[in-house]
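Below is one structure, written out as structure tokens; the observations come after it.
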Amino acid sequence: MKKIELKNVSKAFGQVQAVNDVSLTFEPGKIYGLLGRNGAGKSTLLNMMTGRVFPDAGTITVDGESVIENDRAMGKLYLMGERNFYPDGMRIRDAFCWAAKFYPNFDSENANHLAKKFDLNTKRKVKELSTGMSTMFRLSVALSTGAPYIFLDEPVLGLDAVHRDLFYKLLVEQFERHPACYVISTHLIEEVAGLIEEVFIIRAGELLLRESTERLLARGYTVTGPVDAVDAFVEDHPSIGEDQLGGLKSAYILGSLDMSKVPETLEVSKLNLQQLFVQLTKE
Amino acid sequence: MLLRKPVFAYYMKLMLRAMMWFGLVYTAIFLLAGTGLGIAVNIGTITTEGGTFGGMDAMFAVMMFIFCMSDFAAEFHFLFQHGVSRRSAFVGFVFHVLVVTALFAAVLLVSATLFGVIGAWIGVDMATVLFDVFYGSWLEAAGTFIGILLTFLFYWAALFMAGMLGYLLSILLYRLDKFGKILLGAAGVVLVVALPVLNTLTNGRIWQFAVWLGETFFGRGDTPNPLNGIAVFAAGALIALVPSWLLIRRVKLKK
């Protein structure tokens with residue numbers, strides 16, 4: 001079956017356990033969200049999946065083949081990392097040409113089309129690009145590789161609101177044309193909440209949660225009201241977090257909620273993905 | 001899939017640019033020599049007990065060393081960005097150096113002949129290459145075809161070894177941390193400063209030892225065989241290749 005599969009993968013850097021016994025799968029035809037706080041292990045996980053870093057333990061396979069030093073498996077992956085790995089002196093148009101040599105399904109026409117949409121001059125050299133422009137250039141490559149598995153680590157770094165919005169639209173368009181596996185790792189959770197079909201939340205190097213975005217959001221509630229009433233309510237409905245402001249308390253619930261059993265003194269509202277993420281990952 | 005064509009093409013493209021620059025510098029130096037200045041060439045002229053040689057082949061070898069150690073990080077990162085394994089990057093690099101050094105060896109062979117004629121005409125020794133110093137007498141005795149073939153192989157092996165040493169140094173610099181780089185740099189500086197001083201203090205014994213070492217490796221006797229030199233350079237290249245592979249096979253991308 002076509003998928004990326006991680007089995008019991010661990011990685012430590014010195015004394016720091018960056019990833020600890022993580023097992024997960026990514027399948028083509030889906031947009032995933034890989035969420036976690038700074039230093040949670042997202043980038044390490046992505047770097048291991050693309051063979052840039054070796055895991056200390058566990059296995060990583062792409063369509064059944066190990067990714068370690070395997071050109072065929074690595075050729076199915078494209079990671080747009082936070083850092084630019086293109087030579088400073090290379091022009092954008094040349095980078096497109098080289099990408100086409102390494103990725104047989106690279107769509108040069110699409111890359112140029114995306115560059116145009118982003119107002120990028122393809123004659124410019126990589127070193128002449130600002131942070132935002134560098135991101136746009138690398139997004140143009142990433143969305144045109146034709147690779148079955150595309151990882152986007154902080155894909156909107158340095159982009160203004162207009163360009164971020166444009167990227168999300170282009171991603172959806174690209175996904176409709178080329179329904180590959182897209183894994184987005186970002187801190188701008190609410191912006192991608194509408195795009196991602198399935199969420200992985202990583203905390204301190206461990207997989208905390210894996211669920212479809214729709215199902216997860218359907219289970220998240222905020223219950224707000226007087227402190228006593230909220231405290232009484234959470235005795236039967238374990239909360240994932242609480243906030244208090246004066247005599248008013250909010251409890252965050254992840255689970256099923258029978259609205260008929262909610263006292264009138266309490267107000268119930270839905271949790272959004274960012275609120276859920278904050279409550280699940282805060283210390 | 002031992003050799004990936006795009007990897008080879010990428011390295012060749014980079015080398016082509018470097019070679020163009022080298023060609024320009026190389027031509028400029030010999031034009032300067034031709035106008036009577038001869039500074040660059042005379043600086044590169046080394047006198048041994050066995051004879052004198054111009055700096056042409058040494059310059060080729062030094063340039064190959066520099067080309068191969070240039071910006072390992074940028075090249076490696078670019079390839080890794082495009083799903084190339086460490087093994088394919090290594091194989092692609094070695095293969096392209098083999099091709100480029102073969103090309104350079106051929107150019108050197110032609111240049112040495114050409115500039116030998118020009119040098120004799122203008123009175124500056126530009127083209128008495130190291131090969132002639134060691135194997136001049138053998139060359140006179142050998143047939144033309146064998147002579148050209150072994151001269152070519154000698155250059156090829158020498159340039160390939162120089163390239164592989166450059167590659168080894170570039171990987172080493174990538175793998176070392178800041179402290180290691182400082183230590184390596186300091187060791188190099190100490191060596192460059194200490195060797196001439198030691199040579200003076202020991203009444204030239206260091207240089208004599210180097211010459212003796214060279215003669216031992218390249219062959220002694222009335223007509224030393226160039227196969228000695230070829231074997232030495234090939235072994236040197238292999239010695240550089242093995243640690244290069246060991247260093248690259250587990251290298252992780254630096255942030």
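Here, A, B, ... name the chains of the structure tokens in the order displayed, residue numbers run from 1 inside each chain, and ligands are numbered from 1 in the same displayed order.
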
Select from chain B every residue with an atom at most 12 Å from any atom of chain A, then for each give the shortest pair of atoms and their distance in Å to one decimal, using only C-alpha atoms, rows by chain and rising number, as CSV.
```
residue,atom,partner,partner_atom,distance
B:Met1,CA,A:Asp71,CA,8.5
B:Leu2,CA,A:Asp71,CA,9.9
B:Leu3,CA,A:Asp71,CA,10.7
B:Arg4,CA,A:Asp71,CA,9.1
B:Lys5,CA,A:Lys101,CA,8.8
B:Pro6,CA,A:Lys101,CA,6.0
B:Val7,CA,A:Phe102,CA,8.3
B:Phe8,CA,A:Lys101,CA,11.3
B:Ala9,CA,A:Lys101,CA,9.4
B:Tyr10,CA,A:Trp98,CA,8.1
B:Tyr11,CA,A:Trp98,CA,11.8
B:Lys13,CA,A:Trp98,CA,11.0
B:Leu14,CA,A:Met90,CA,10.9
B:Asp71,CA,A:Pro87,CA,9.7
B:Phe72,CA,A:Pro87,CA,10.9
B:Ala73,CA,A:Phe85,CA,9.3
B:Ala74,CA,A:Pro87,CA,5.7
B:Glu75,CA,A:Pro87,CA,7.4
B:Phe76,CA,A:Phe85,CA,8.9
B:His77,CA,A:Phe85,CA,5.3
B:Phe78,CA,A:Tyr86,CA,5.4
B:Leu79,CA,A:Phe85,CA,8.7
B:Phe80,CA,A:Arg52,CA,7.4
B:Gln81,CA,A:Phe85,CA,6.4
B:His82,CA,A:Phe102,CA,6.2
B:Gly83,CA,A:Met74,CA,4.8
B:Val84,CA,A:Asp71,CA,5.8
B:Ser85,CA,A:Glu69,CA,5.0
B:Arg86,CA,A:Glu69,CA,6.5
B:Arg87,CA,A:Glu69,CA,6.9
B:Ser88,CA,A:Asp71,CA,7.7
B:Ala89,CA,A:Asp71,CA,10.3
B:Phe90,CA,A:Glu69,CA,11.7
B:Ile248,CA,A:Glu69,CA,11.5
B:Arg249,CA,A:Glu69,CA,8.8
B:Arg250,CA,A:Phe54,CA,8.0
B:Val251,CA,A:Val53,CA,8.3
B:Lys252,CA,A:Val53,CA,5.4
B:Leu253,CA,A:Arg52,CA,5.9
B:Lys254,CA,A:Arg52,CA,9.3
B:Lys255,CA,A:Arg83,CA,7.5
```

Resulting file, chosen residues, N, CA and C atoms, as a compact mmCIF listing (two decimals), in the first residue's frame:
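Result file is again_32.txt:
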```
# COMPACT_ATOMS: atom_id res chain seq x y z
N MET B 1 21.08 1.40 -9.73
CA MET B 1 21.23 2.81 -10.11
C MET B 1 22.42 3.40 -9.35
N LEU B 2 23.64 2.99 -9.79
CA LEU B 2 24.84 3.42 -9.08
C LEU B 2 25.13 4.90 -9.31
N LEU B 3 25.02 5.31 -10.58
CA LEU B 3 25.31 6.72 -10.89
C LEU B 3 24.02 7.40 -11.36
N ARG B 4 23.65 8.46 -10.68
CA ARG B 4 22.45 9.21 -11.10
C ARG B 4 22.90 10.33 -12.03
N LYS B 5 22.35 10.31 -13.22
CA LYS B 5 22.77 11.27 -14.25
C LYS B 5 22.64 12.73 -13.79
N PRO B 6 21.52 13.13 -13.18
CA PRO B 6 21.42 14.55 -12.78
C PRO B 6 22.50 14.97 -11.78
N VAL B 7 22.92 14.03 -10.93
CA VAL B 7 23.96 14.35 -9.94
C VAL B 7 25.27 14.63 -10.68
N PHE B 8 25.59 13.75 -11.60
CA PHE B 8 26.80 13.91 -12.41
C PHE B 8 26.72 15.22 -13.20
N ALA B 9 25.57 15.47 -13.80
CA ALA B 9 25.39 16.69 -14.61
C ALA B 9 25.55 17.94 -13.76
N TYR B 10 25.03 17.88 -12.54
CA TYR B 10 25.12 19.04 -11.64
C TYR B 10 26.58 19.34 -11.28
N TYR B 11 27.31 18.30 -10.92
CA TYR B 11 28.72 18.50 -10.58
C TYR B 11 29.52 18.98 -11.80
N LYS B 13 28.43 20.70 -14.30
CA LYS B 13 28.05 22.10 -14.57
C LYS B 13 28.87 23.04 -13.66
N LEU B 14 28.96 22.67 -12.39
CA LEU B 14 29.73 23.49 -11.45
C LEU B 14 31.20 23.53 -11.84
N ASP B 71 33.11 24.62 -1.47
CA ASP B 71 31.72 24.67 -1.01
C ASP B 71 30.98 23.33 -1.02
N PHE B 72 31.50 22.40 -0.29
CA PHE B 72 30.86 21.08 -0.17
C PHE B 72 29.43 21.22 0.36
N ALA B 73 29.27 22.11 1.34
CA ALA B 73 27.96 22.26 1.99
C ALA B 73 26.88 22.66 0.98
N ALA B 74 27.17 23.67 0.16
CA ALA B 74 26.16 24.16 -0.79
C ALA B 74 25.76 23.06 -1.77
N GLU B 75 26.75 22.32 -2.27
CA GLU B 75 26.47 21.26 -3.25
C GLU B 75 25.69 20.12 -2.61
N PHE B 76 26.14 19.73 -1.45
CA PHE B 76 25.51 18.61 -0.74
C PHE B 76 24.07 18.96 -0.35
N HIS B 77 23.87 20.16 0.15
CA HIS B 77 22.51 20.58 0.55
C HIS B 77 21.58 20.62 -0.66
N PHE B 78 22.08 21.12 -1.77
CA PHE B 78 21.26 21.20 -2.97
C PHE B 78 20.82 19.80 -3.42
N LEU B 79 21.77 18.88 -3.42
CA LEU B 79 21.44 17.52 -3.84
C LEU B 79 20.46 16.87 -2.88
N PHE B 80 20.69 17.10 -1.60
CA PHE B 80 19.80 16.50 -0.61
C PHE B 80 18.39 17.06 -0.72
N GLN B 81 18.31 18.34 -1.08
CA GLN B 81 17.00 18.97 -1.28
C GLN B 81 16.22 18.23 -2.37
N HIS B 82 16.95 17.61 -3.29
CA HIS B 82 16.29 16.95 -4.41
C HIS B 82 16.29 15.43 -4.28
N GLY B 83 16.31 14.96 -3.06
CA GLY B 83 16.12 13.53 -2.81
C GLY B 83 17.28 12.65 -3.24
N VAL B 84 18.50 13.19 -3.19
CA VAL B 84 19.68 12.40 -3.57
C VAL B 84 20.31 11.83 -2.29
N SER B 85 20.58 10.54 -2.32
CA SER B 85 21.19 9.90 -1.14
C SER B 85 22.66 10.28 -1.04
N ARG B 86 23.23 10.05 0.12
CA ARG B 86 24.64 10.33 0.33
C ARG B 86 25.51 9.51 -0.62
N ARG B 87 25.10 8.26 -0.80
CA ARG B 87 25.88 7.37 -1.67
C ARG B 87 25.88 7.90 -3.11
N SER B 88 24.71 8.33 -3.59
CA SER B 88 24.64 8.84 -4.96
C SER B 88 25.42 10.13 -5.13
N ALA B 89 25.40 10.97 -4.08
CA ALA B 89 26.17 12.22 -4.14
C ALA B 89 27.66 11.89 -4.23
N PHE B 90 28.08 10.92 -3.44
CA PHE B 90 29.49 10.52 -3.41
C PHE B 90 29.91 9.92 -4.75
N ILE B 248 31.19 10.69 4.78
CA ILE B 248 29.95 11.15 4.14
C ILE B 248 28.77 10.21 4.40
N ARG B 249 29.04 8.94 4.62
CA ARG B 249 27.95 7.96 4.67
C ARG B 249 27.01 8.16 5.86
N ARG B 250 27.49 8.80 6.92
CA ARG B 250 26.61 9.04 8.06
C ARG B 250 26.44 10.53 8.35
N VAL B 251 26.84 11.34 7.37
CA VAL B 251 26.78 12.79 7.60
C VAL B 251 25.31 13.25 7.72
N LYS B 252 25.07 14.12 8.66
CA LYS B 252 23.71 14.68 8.76
C LYS B 252 23.75 16.13 8.33
N LEU B 253 22.65 16.57 7.80
CA LEU B 253 22.61 17.94 7.30
C LEU B 253 22.73 18.94 8.44
N LYS B 254 23.64 19.89 8.25
CA LYS B 254 23.81 20.90 9.29
C LYS B 254 22.79 22.01 9.05
N LYS B 255 22.26 22.53 10.13
CA LYS B 255 21.27 23.61 10.00
C LYS B 255 21.98 24.93 9.78
```

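By chain and then residue number, the residues within 10 Å of segment 256-267 of chain A are Ala218, Arg219, Gly220, Tyr221, Thr222, Val223, Thr224, Gly225, Pro226, Val227, Ala229, Val230, Phe233, His237, Lys249, Ser250, Ile253, Leu254 and Ser269 of chain A, counting only C-alpha atoms and disregarding those fewer than 2 positions away in sequence.
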
Go ahead and save the residues from that selection, with N, CA, C and O atoms, as a CSV table (one decimal), in the first residue's frame.
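Resulting contents of out_29.csv:
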```csv
chain,number,residue,atom,x,y,z
A,218,ALA,N,-15.3,18.5,16.4
A,218,ALA,CA,-16.7,18.1,16.9
A,218,ALA,C,-16.7,17.7,18.4
A,218,ALA,O,-17.7,17.8,19.0
A,219,ARG,N,-15.5,17.3,18.9
A,219,ARG,CA,-15.4,16.9,20.3
A,219,ARG,C,-14.9,18.0,21.2
A,219,ARG,O,-14.8,17.8,22.4
A,220,GLY,N,-14.6,19.2,20.7
A,220,GLY,CA,-14.0,20.2,21.5
A,220,GLY,C,-15.0,21.3,21.9
A,220,GLY,O,-15.7,21.8,21.1
A,221,TYR,N,-15.1,21.5,23.2
A,221,TYR,CA,-16.1,22.5,23.7
A,221,TYR,C,-15.4,23.4,24.8
A,221,TYR,O,-14.5,22.9,25.5
A,222,THR,N,-16.0,24.6,24.9
A,222,THR,CA,-15.6,25.4,26.1
A,222,THR,C,-16.9,25.6,26.9
A,222,THR,O,-17.9,25.9,26.3
A,223,VAL,N,-16.8,25.3,28.2
A,223,VAL,CA,-17.9,25.5,29.1
A,223,VAL,C,-17.5,26.7,30.0
A,223,VAL,O,-16.5,26.6,30.7
A,224,THR,N,-18.3,27.7,30.0
A,224,THR,CA,-18.0,28.9,30.7
A,224,THR,C,-19.1,29.3,31.7
A,224,THR,O,-20.3,29.1,31.3
A,225,GLY,N,-18.8,29.7,32.9
A,225,GLY,CA,-19.8,30.1,33.8
A,225,GLY,C,-19.2,30.4,35.2
A,225,GLY,O,-18.0,30.5,35.3
A,226,PRO,N,-20.0,30.5,36.2
A,226,PRO,CA,-19.5,30.7,37.6
A,226,PRO,C,-18.6,29.5,38.0
A,226,PRO,O,-18.8,28.4,37.6
A,227,VAL,N,-17.6,29.8,38.8
A,227,VAL,CA,-16.6,28.8,39.2
A,227,VAL,C,-17.2,27.6,39.7
A,227,VAL,O,-16.9,26.5,39.3
A,229,ALA,N,-20.2,26.3,39.4
A,229,ALA,CA,-21.0,25.5,38.4
A,229,ALA,C,-20.0,24.8,37.5
A,229,ALA,O,-20.3,23.6,37.1
A,230,VAL,N,-19.0,25.4,37.1
A,230,VAL,CA,-18.0,24.8,36.1
A,230,VAL,C,-17.3,23.6,36.8
A,230,VAL,O,-17.2,22.6,36.3
A,233,PHE,N,-19.5,20.8,37.0
A,233,PHE,CA,-19.7,20.2,35.7
A,233,PHE,C,-18.5,19.3,35.3
A,233,PHE,O,-18.7,18.2,34.7
A,237,HIS,N,-17.3,15.6,33.5
A,237,HIS,CA,-16.7,15.8,32.1
A,237,HIS,C,-15.3,16.2,32.2
A,237,HIS,O,-15.1,17.5,32.3
A,249,LYS,N,-15.2,31.2,35.2
A,249,LYS,CA,-14.3,30.1,34.8
A,249,LYS,C,-14.6,29.5,33.5
A,249,LYS,O,-15.8,29.3,33.2
A,250,SER,N,-13.6,29.1,32.8
A,250,SER,CA,-13.9,28.3,31.5
A,250,SER,C,-13.2,27.0,31.6
A,250,SER,O,-12.0,26.9,32.1
A,253,ILE,N,-13.3,21.1,27.2
A,253,ILE,CA,-13.7,19.7,27.2
A,253,ILE,C,-13.4,19.0,25.9
A,253,ILE,O,-13.7,19.6,24.8
A,254,LEU,N,-12.8,17.9,25.9
A,254,LEU,CA,-12.6,17.1,24.7
A,254,LEU,C,-13.3,15.8,24.9
A,254,LEU,O,-12.9,14.9,25.6
A,269,SER,N,-19.6,26.7,24.1
A,269,SER,CA,-19.2,27.1,22.7
A,269,SER,C,-18.2,26.1,22.2
A,269,SER,O,-17.6,25.4,22.9
```

### Message
Please list as an NGL selection string every residue within 9 Å of segment 165-178 of chain B, counting only C-alpha atoms and excluding residues in the same chain fewer than 4 positions away.
### Response
:B and (64-73 or 93 or 160-161 or 182-184 or 236-237 or 239-241 or 243-245 or 247-248 or 251-252 or 254)

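Going from atom CA of Asp57 of chain B to atom CA of Val192 of chain B covers 21.2 Å.
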
#### Entry: Spatial neighbours of segment 227-233 of chain B, max dist 12 Å, only C-alpha atoms, sep filter under 5 positions, as a VMD selection string
chain B and resid 61 130 to 131 134 to 135 138 146 to 147 149 to 165 213 to 220 238 to 240
